[in-house]
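K.L.:
Data: my_file10.txt, compact mmCIF, C-alpha atoms.
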# COMPACT_ATOMS: atom_id res chain seq x y z
CA MET A 4 51.04 113.48 58.09
CA THR A 5 50.41 110.82 60.75
CA ARG A 6 47.09 109.96 59.11
CA SER A 7 48.83 109.48 55.74
CA LEU A 8 51.44 107.17 57.25
CA GLU A 9 48.73 105.10 58.91
CA LEU A 10 46.87 104.69 55.65
CA ALA A 11 50.08 103.81 53.84
CA ASN A 12 50.82 101.06 56.35
CA MET A 13 47.33 99.54 56.08
CA THR A 14 46.92 96.46 53.93
CA ARG A 15 44.81 97.18 50.87
CA VAL A 16 41.81 94.89 50.45
CA GLN A 17 42.53 92.35 47.69
CA GLN A 18 39.05 90.83 47.63
CA PHE A 19 35.52 91.44 48.84
CA ILE A 20 32.96 89.11 50.36
CA LEU A 21 29.52 89.31 48.73
CA LEU A 22 26.80 88.31 51.19
CA GLY A 23 24.35 87.76 48.33
CA LEU A 24 20.63 88.34 48.09
CA SER A 25 19.79 86.23 51.15
CA THR A 26 21.76 84.36 53.79
CA ARG A 27 18.77 82.29 54.95
CA LEU A 28 19.48 78.65 54.14
CA ASP A 29 15.78 77.69 54.14
CA ILE A 30 14.90 79.89 51.15
CA ARG A 31 18.15 80.04 49.17
CA ASP A 32 17.39 76.94 47.08
CA SER A 33 13.93 78.19 46.15
CA LEU A 34 15.27 81.63 45.28
CA PHE A 35 18.00 80.07 43.15
CA ALA A 36 15.40 78.15 41.10
CA VAL A 37 13.24 81.26 40.70
CA PHE A 38 16.05 83.58 39.60
CA LEU A 39 17.65 80.99 37.32
CA THR A 40 14.28 80.62 35.58
CA LEU A 41 13.91 84.39 35.28
CA TYR A 42 17.45 84.69 33.91
CA LEU A 43 16.92 82.06 31.23
CA LEU A 44 13.52 83.50 30.33
CA THR A 45 15.03 86.97 29.94
CA LEU A 46 17.75 85.62 27.63
CA VAL A 47 15.22 83.69 25.51
CA GLU A 48 12.86 86.68 25.21
CA ASN A 49 15.54 89.12 24.14
CA THR A 50 17.27 86.64 21.81
CA LEU A 51 13.93 86.02 20.10
CA ILE A 52 13.31 89.74 19.65
CA ILE A 53 16.77 90.34 18.17
CA TYR A 54 16.30 87.42 15.77
CA LEU A 55 12.86 88.64 14.63
CA ILE A 56 14.09 92.20 14.07
CA CYS A 57 17.19 91.12 12.14
CA SER A 58 15.47 88.48 9.99
CA HIS A 59 12.33 90.33 8.89
CA LYS A 60 12.47 93.43 6.70
CA GLU A 61 9.06 94.66 7.88
CA LEU A 62 10.66 95.29 11.28
CA HIS A 63 13.53 97.32 9.85
CA LYS A 64 12.12 100.56 11.24
CA PRO A 65 13.53 103.09 13.74
CA MET A 66 11.35 101.86 16.60
CA TYR A 67 12.52 98.27 16.19
CA PHE A 68 16.12 99.39 15.68
CA PHE A 69 16.04 100.88 19.20
CA LEU A 70 14.20 97.83 20.54
CA GLY A 71 16.93 95.61 19.12
CA ASN A 72 19.56 97.72 20.85
CA LEU A 73 17.57 97.55 24.08
CA SER A 74 17.23 93.77 23.87
CA CYS A 75 20.97 93.39 23.27
CA LEU A 76 21.64 95.66 26.23
CA GLU A 77 19.23 93.76 28.49
CA MET A 78 20.98 90.48 27.75
CA CYS A 79 24.34 92.00 28.67
CA TYR A 80 22.86 93.85 31.64
CA VAL A 81 21.26 90.83 33.28
CA SER A 82 24.37 88.74 32.53
CA VAL A 83 26.55 91.17 34.47
CA THR A 84 24.64 90.93 37.76
CA MET A 85 22.71 87.65 37.64
CA PRO A 86 25.68 85.22 37.74
CA THR A 87 26.93 86.60 41.07
CA LEU A 88 23.36 86.60 42.41
CA LEU A 89 22.97 82.92 41.47
CA VAL A 90 26.38 81.95 42.85
CA GLY A 91 25.51 83.67 46.13
CA LEU A 92 22.24 81.75 46.39
CA TRP A 93 23.96 78.45 45.54
CA THR A 94 27.07 78.71 47.76
CA GLY A 95 26.25 81.46 50.24
CA PRO A 96 28.61 84.40 50.92
CA TYR A 97 31.68 84.13 48.70
CA HIS A 98 34.88 85.97 47.81
CA ILE A 99 35.28 88.10 44.70
CA PRO A 100 38.71 89.54 43.73
CA PHE A 101 39.09 93.34 43.77
CA THR A 102 39.83 93.50 40.02
CA LEU A 103 36.81 91.35 39.13
CA CYS A 104 34.61 93.47 41.41
CA MET A 105 35.71 96.68 39.68
CA THR A 106 35.21 95.05 36.27
CA GLN A 107 31.65 94.10 37.17
CA LEU A 108 31.02 97.62 38.47
CA PHE A 109 32.39 99.12 35.24
CA PHE A 110 30.10 97.09 32.96
CA PHE A 111 27.12 97.59 35.25
CA ILE A 112 27.48 101.40 35.11
CA VAL A 113 28.02 101.34 31.33
CA LEU A 114 24.82 99.37 30.81
CA ILE A 115 22.56 101.18 33.26
CA CYS A 116 23.56 104.59 31.85
CA THR A 117 23.13 103.35 28.28
CA GLU A 118 19.69 101.98 29.11
CA CYS A 119 18.56 105.36 30.43
CA THR A 120 19.62 107.08 27.21
CA LEU A 121 18.07 104.39 25.02
CA LEU A 122 14.74 104.66 26.86
CA ALA A 123 14.81 108.43 26.24
CA SER A 124 15.62 107.86 22.54
CA MET A 125 12.70 105.43 22.25
CA ALA A 126 10.36 107.93 23.90
CA TYR A 127 11.52 110.62 21.45
CA ASP A 128 10.99 108.23 18.53
CA ARG A 129 7.36 107.65 19.62
CA TYR A 130 6.87 111.42 20.07
CA VAL A 131 8.00 112.12 16.50
CA ALA A 132 5.90 109.25 15.12
CA ILE A 133 2.68 110.42 16.81
CA CYS A 134 3.09 114.19 17.07
CA ARG A 135 5.08 114.93 13.88
CA PRO A 136 4.27 112.06 11.51
CA LEU A 137 4.98 114.04 8.34
CA HIS A 138 8.52 114.80 9.50
CA TYR A 139 9.17 111.29 10.82
CA PRO A 140 11.14 109.98 7.79
CA LEU A 141 13.45 113.00 8.01
CA LEU A 142 13.83 113.33 11.79
CA MET A 143 14.30 109.59 12.35
CA ARG A 144 16.32 108.71 9.25
CA PRO A 145 18.88 105.89 9.64
CA GLN A 146 21.81 108.25 10.29
CA VAL A 147 19.95 109.90 13.18
CA CYS A 148 18.93 106.57 14.69
CA LEU A 149 22.48 105.26 14.47
CA GLY A 150 23.80 108.48 16.00
CA LEU A 151 21.37 108.26 18.93
CA ALA A 152 22.27 104.62 19.58
CA LEU A 153 26.02 105.23 19.39
CA SER A 154 25.69 108.29 21.63
CA SER A 155 23.84 106.17 24.19
CA TRP A 156 26.59 103.54 24.32
CA LEU A 157 29.42 106.08 24.21
CA GLY A 158 27.83 108.21 26.93
CA GLY A 159 27.48 105.18 29.19
CA LEU A 160 31.11 104.27 28.56
CA ILE A 161 32.40 107.75 29.42
CA VAL A 162 30.36 108.00 32.61
CA SER A 163 31.45 104.52 33.68
CA VAL A 164 35.14 105.26 33.14
CA ALA A 165 34.88 108.36 35.34
CA LYS A 166 32.87 106.71 38.14
CA THR A 167 34.75 103.42 38.19
CA THR A 168 38.12 105.19 38.21
CA CYS A 169 37.08 107.29 41.22
CA ILE A 170 35.76 104.28 43.14
CA ALA A 171 38.73 102.03 42.28
CA SER A 172 41.19 104.72 43.43
CA LEU A 173 39.72 104.78 46.95
CA SER A 174 41.47 102.90 49.75
CA TYR A 175 39.74 99.83 51.15
CA CYS A 176 41.45 98.75 54.37
CA GLY A 177 38.78 96.46 55.84
CA PRO A 178 36.20 95.27 56.60
CA ASN A 179 35.63 93.83 53.14
CA VAL A 180 32.04 92.52 53.39
CA LEU A 181 29.56 93.83 50.80
CA ASN A 182 25.93 93.40 51.82
CA GLN A 183 24.83 93.09 48.20
CA PHE A 184 24.64 90.43 45.47
CA PHE A 185 26.94 92.34 43.10
CA CYS A 186 29.55 95.08 43.28
CA ASP A 187 27.49 98.27 43.46
CA VAL A 188 28.43 101.88 44.10
CA SER A 189 26.87 102.50 47.53
CA PRO A 190 28.14 99.34 49.29
CA LEU A 191 31.66 100.04 48.01
CA LEU A 192 31.56 103.63 49.23
CA ASN A 193 30.47 102.37 52.64
CA LEU A 194 33.63 100.26 52.89
CA SER A 195 36.13 102.94 51.90
CA CYS A 196 38.49 104.04 54.66
CA THR A 197 39.40 107.31 52.92
CA HIS A 198 37.49 110.51 52.31
CA VAL A 199 34.80 109.86 49.69
CA ALA A 200 33.27 113.33 49.32
CA LEU A 201 34.72 113.88 45.82
CA THR A 202 33.68 110.41 44.65
CA GLU A 203 30.17 110.91 46.03
CA LEU A 204 29.99 114.29 44.26
CA VAL A 205 31.03 112.73 40.94
CA ASP A 206 28.52 109.93 41.48
CA PHE A 207 25.73 112.35 42.37
CA ILE A 208 26.35 114.76 39.48
CA SER A 209 26.58 111.97 36.90
CA ALA A 210 23.38 110.44 38.29
CA ILE A 211 21.57 113.77 38.03
CA VAL A 212 22.76 114.33 34.45
CA ILE A 213 22.11 110.80 33.19
CA PHE A 214 19.06 109.72 35.18
CA CYS A 215 17.23 113.01 35.60
CA GLY A 216 18.16 114.33 32.14
CA THR A 217 16.91 111.26 30.30
CA LEU A 218 13.86 111.02 32.58
CA LEU A 219 12.87 114.58 31.68
CA VAL A 220 13.19 113.77 27.96
CA SER A 221 11.01 110.68 28.41
CA LEU A 222 8.38 112.50 30.46
CA ALA A 223 8.29 115.44 28.03
CA SER A 224 7.88 113.05 25.07
CA TYR A 225 5.09 111.02 26.67
CA SER A 226 3.35 114.19 27.89
CA ALA A 227 3.31 115.56 24.35
CA ILE A 228 2.05 112.19 23.11
CA GLY A 229 -0.71 112.26 25.72
CA MET A 230 -1.84 115.72 24.58
CA ALA A 231 -1.86 114.60 20.96
CA VAL A 232 -3.83 111.46 21.81
CA LEU A 233 -6.48 113.50 23.64
CA ARG A 234 -7.08 115.43 20.43
CA MET A 235 -7.70 112.27 18.38
CA PRO A 236 -11.31 112.10 17.15
CA SER A 237 -11.58 108.31 17.41
CA ALA A 238 -12.24 106.83 20.85
CA ALA A 239 -10.78 103.48 19.76
CA ALA A 240 -7.55 105.14 18.59
CA ARG A 241 -7.30 107.02 21.89
CA ARG A 242 -7.72 103.82 23.92
CA LYS A 243 -5.09 102.00 21.85
CA ALA A 244 -2.57 104.84 22.12
CA PHE A 245 -3.16 105.33 25.86
CA SER A 246 -2.81 101.61 26.46
CA THR A 247 0.56 101.54 24.72
CA CYS A 248 1.86 104.70 26.42
CA ALA A 249 0.62 103.60 29.84
CA SER A 250 2.45 100.27 29.62
CA HIS A 251 5.63 102.04 28.50
CA LEU A 252 5.33 104.52 31.37
CA VAL A 253 4.92 101.71 33.89
CA VAL A 254 8.26 100.18 32.88
CA VAL A 255 10.00 103.56 32.73
CA GLY A 256 8.48 104.57 36.08
CA ILE A 257 9.55 101.38 37.88
CA PHE A 258 13.09 101.51 36.47
CA TYR A 259 13.68 105.19 37.20
CA SER A 260 12.04 105.15 40.63
CA ALA A 261 14.32 102.39 41.89
CA ALA A 262 17.45 103.73 40.20
CA LEU A 263 16.92 107.35 41.24
CA PHE A 264 16.25 106.38 44.85
CA ILE A 265 19.61 104.60 45.03
CA TYR A 266 21.86 106.79 42.88
CA CYS A 267 20.53 110.35 43.09
CA ARG A 268 21.48 110.73 46.74
CA PRO A 269 24.46 112.77 47.94
CA SER A 270 25.10 110.44 50.92
CA ARG A 271 25.88 106.77 51.29
CA ILE A 272 22.86 104.51 51.67
CA LYS A 273 22.53 102.84 55.05
CA SER A 274 19.57 100.53 54.41
CA MET A 275 21.33 97.81 52.42
CA ASP A 276 18.36 95.41 52.60
CA LEU A 277 16.17 98.01 50.86
CA ASN A 278 19.02 98.61 48.44
CA LYS A 279 19.05 94.92 47.50
CA VAL A 280 15.29 94.83 46.94
CA LEU A 281 15.42 97.88 44.68
CA SER A 282 18.44 96.46 42.87
CA VAL A 283 16.45 93.34 42.02
CA ILE A 284 13.76 95.53 40.47
CA TYR A 285 16.00 97.27 37.94
CA THR A 286 18.51 94.43 37.38
CA VAL A 287 16.03 91.53 37.10
CA VAL A 288 12.44 92.73 36.76
CA THR A 289 12.85 95.42 34.09
CA PRO A 290 15.03 93.28 31.74
CA LEU A 291 12.33 90.60 32.00
CA CYS A 292 9.38 92.95 31.49
CA ASN A 293 10.79 95.24 28.78
CA PRO A 294 10.51 92.69 25.93
CA ILE A 295 6.92 91.90 26.91
CA ILE A 296 5.90 95.55 27.20
CA TYR A 297 7.73 96.94 24.17
CA CYS A 298 7.62 94.07 21.69
CA LEU A 299 5.60 91.00 22.52
CA ARG A 300 2.40 93.08 22.90
CA ASN A 301 3.02 94.67 19.49
CA LYS A 302 0.82 93.51 16.59
CA GLU A 303 3.62 93.73 14.02
CA VAL A 304 5.83 91.56 16.20
CA HIS A 305 2.95 89.13 16.75
CA THR A 306 2.47 88.81 12.98
CA VAL A 307 6.16 88.17 12.38
CA LEU A 308 6.32 85.71 15.29
CA LYS A 309 3.37 83.72 13.93
CA LYS A 310 4.99 83.65 10.51
CA THR A 311 8.28 82.43 12.01
CA LEU A 312 6.60 79.71 14.06
CA HIS A 313 4.22 78.84 11.17
CA TRP A 314 1.18 79.47 13.31
CA PRO A 315 -2.18 79.86 11.48
Do you think you could lay out the structure here as structure tokens?

P.N.:
Amino acid sequence: MTRSLELANMTRVQQFILLGLSTRLDIRDSLFAVFLTLYLLTLVENTLIIYLICSHKELHKPMYFFLGNLSCLEMCYVSVTMPTLLVGLWTGPYHIPFTLCMTQLFFFIVLICTECTLLASMAYDRYVAICRPLHYPLLMRPQVCLGLALSSWLGGLIVSVAKTTCIASLSYCGPNVLNQFFCDVSPLLNLSCTHVALTELVDFISAIVIFCGTLLVSLASYSAIGMAVLRMPSAAARRKAFSTCASHLVVVGIFYSAALFIYCRPSRIKSMDLNKVLSVIYTVVTPLCNPIIYCLRNKEVHTVLKKTLHWP
């Protein structure tokens, strides 16, 4: 009873202070230039891919449908976290209102969960194309592709509503300093002055279902693809297929390794500096690399790009 009265009398935090990626004045300007360049490059890459897919009928295929969804997601994803990262590098630690912080958290969770499901859908698409080519038109017909894409976005939305509601309902009585460049789950849990066991459980279970579930689908799909490639009679075909799958697995591996380390843990993370480094990997590096790995190395995309730019 006494504990409840004490909490009731405490002033609820109305804003947080984001320390940003780095507080060192000697490197903030350089980091700002680097990350602004990466941000603009990511937007240009993904905008180009969406334009090419929408404007050329030869790219109206299931694989490119998912790539278009992924590019759209990456643009939203990087635009949720990068502005606060850049502001932090430009001005130093700054205040962010509680409502705006929760809004950023909501969209971040929606997008990261959707990306996991989309990556799994893309892996399944490649599995059907390589391992069951005769059934590909049926298994990956437009209705199925649309259903997979909508399920990815809807699943991310549902998970985000549950997680954000739990985190927003916690009491934050001070301190209000987040050692991060955006409003993330672990730093917020570290600041809560109430019992967070239920919220951590919800966070952990959703992470296991979304991250581990989609990772298993991706790994199973690429494993089956690997077995099928090994049975190909042509050495050139095997090298081409392995090259494509290996590059895809690198992106998937980097993204999931960083995300799983942070989110599939039942306890609050103490090493915030490591948290920030890993956050940069899956909020900045993967949105930048995904277009290059999935599209810009693709011969069909190269052909369409040359035609668009009128290259010989």

K.L.:
Using all atoms listed in the file, which of A:Leu141, A:Val254, A:Ala165, A:Ile30 sits nearest Ile208 (chain A)?

P.N.:
A:Ala165

K.L.:
Take the point (34.7, 95.8, 48.2) in the file's coordinates, draw a sphere of radius 6 Å around it, and report as an MDAnalysis selection string every protein, DNA or RNA residue with an atom inside or on it, counting all atoms listed in the file.

P.N.:
chainID A and resid 19 179 191

K.L.:
Can I get the selected residues back with C-alpha atoms, as a compact mmCIF listing (two decimals), in the frame of the given file?

P.N.:
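So the final result, stored in again-v9.txt, reads:
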# COMPACT_ATOMS: atom_id res chain seq x y z
CA PHE A 19 35.52 91.44 48.84
CA ASN A 179 35.63 93.83 53.14
CA LEU A 191 31.66 100.04 48.01

K.L.:
May I ask for the distance between CA of Leu277 (chain A) and CA of Val164 (chain A), given in Å to one decimal place?

P.N.:
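Pair CA of Leu277 (chain A) / CA of Val164 (chain A) returns 27.0 Å.
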
K.L.:
Looking at A:Pro65, A:Glu203, A:Val188, A:Ile115, which one is nearest to Arg144 (chain A), with distances taken over only C-alpha atoms?

P.N.:
A:Pro65

K.L.:
Restricting the calculation to all atoms listed in the file, which member of A:Phe184, A:Tyr67, A:Val147, A:His138 is positioned closest to Val83 (chain A)?

P.N.:
A:Phe184

K.L.:
Find the residue from A:Ser124, A:Thr217, A:Ser250, A:Leu89 that sits nearest to Cys298 (chain A); use only C-alpha atoms when measuring.

P.N.:
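The answer is A:Ser250, which sits nearest to Cys298 (chain A).
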
K.L.:
Which residue out of A:Ser172, A:Thr120, A:Thr311, A:Ser154 has the minimum interatomic distance to Cys215 (chain A) when all atoms listed in the file are used?

P.N.:
A:Thr120

K.L.:
Rounded to one decimal, what separation in Å do you get between CA of Tyr175 (chain A) and CA of Val16 (chain A)?

P.N.:
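Straight-line distance from CA of Tyr175 (chain A) to CA of Val16 (chain A) works out to 5.4 Å.
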
K.L.:
Find the spatial neighbours of region 69-80 of chain A, counting only C-alpha atoms, within a cut-off of 9 Å - ignore same-chain residues fewer than 4 positions away - and output them as a ChimeraX atom specification.

P.N.:
/A:45-46,48-50,52-54,56-57,64-65,84-85,110-111,114-115,117-118,121-122,124-125,128,148,152,286,289-291,293-294,297-298

K.L.:
Just how far from CA of Cys196 (chain A) is CA of Gln17 (chain A), in Å to one decimal?

P.N.:
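Straight-line distance from CA of Gln17 (chain A) to CA of Cys196 (chain A) works out to 14.2 Å.
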
K.L.:
Which residue out of A:Ser282, A:Thr102, A:Pro236, A:Lys60 has the minimum interatomic distance to Tyr259 (chain A) when only C-alpha atoms are used?

P.N.:
A:Ser282

K.L.:
At a cut-off of 8 Å, using all atoms listed in the file, what residues contact Gly23 (chain A)? Leave out same-chain residues fewer than 5 positions from it and give the result as a ChimeraX atom specification.

P.N.:
/A:87-88,91-92,95-96,182-185

K.L.:
How would you write as an NGL selection string the residues that get within 10 Å of (31.8, 101.9, 49.6) in the file's frame, counting all atoms listed in the file?

P.N.:
:A and (170 or 173-175 or 179 or 181 or 186-197 or 199 or 203 or 271-272)

K.L.:
Need the shell around Ile257 (chain A): protein/DNA/RNA residues with any atom at most 10 Å away, counting all atoms listed in the file. Skip same-chain ones fewer than 3 positions apart. Format as a PyMOL selection string?

P.N.:
chain A and resi 252-254+260-262+281+284-285+288-289
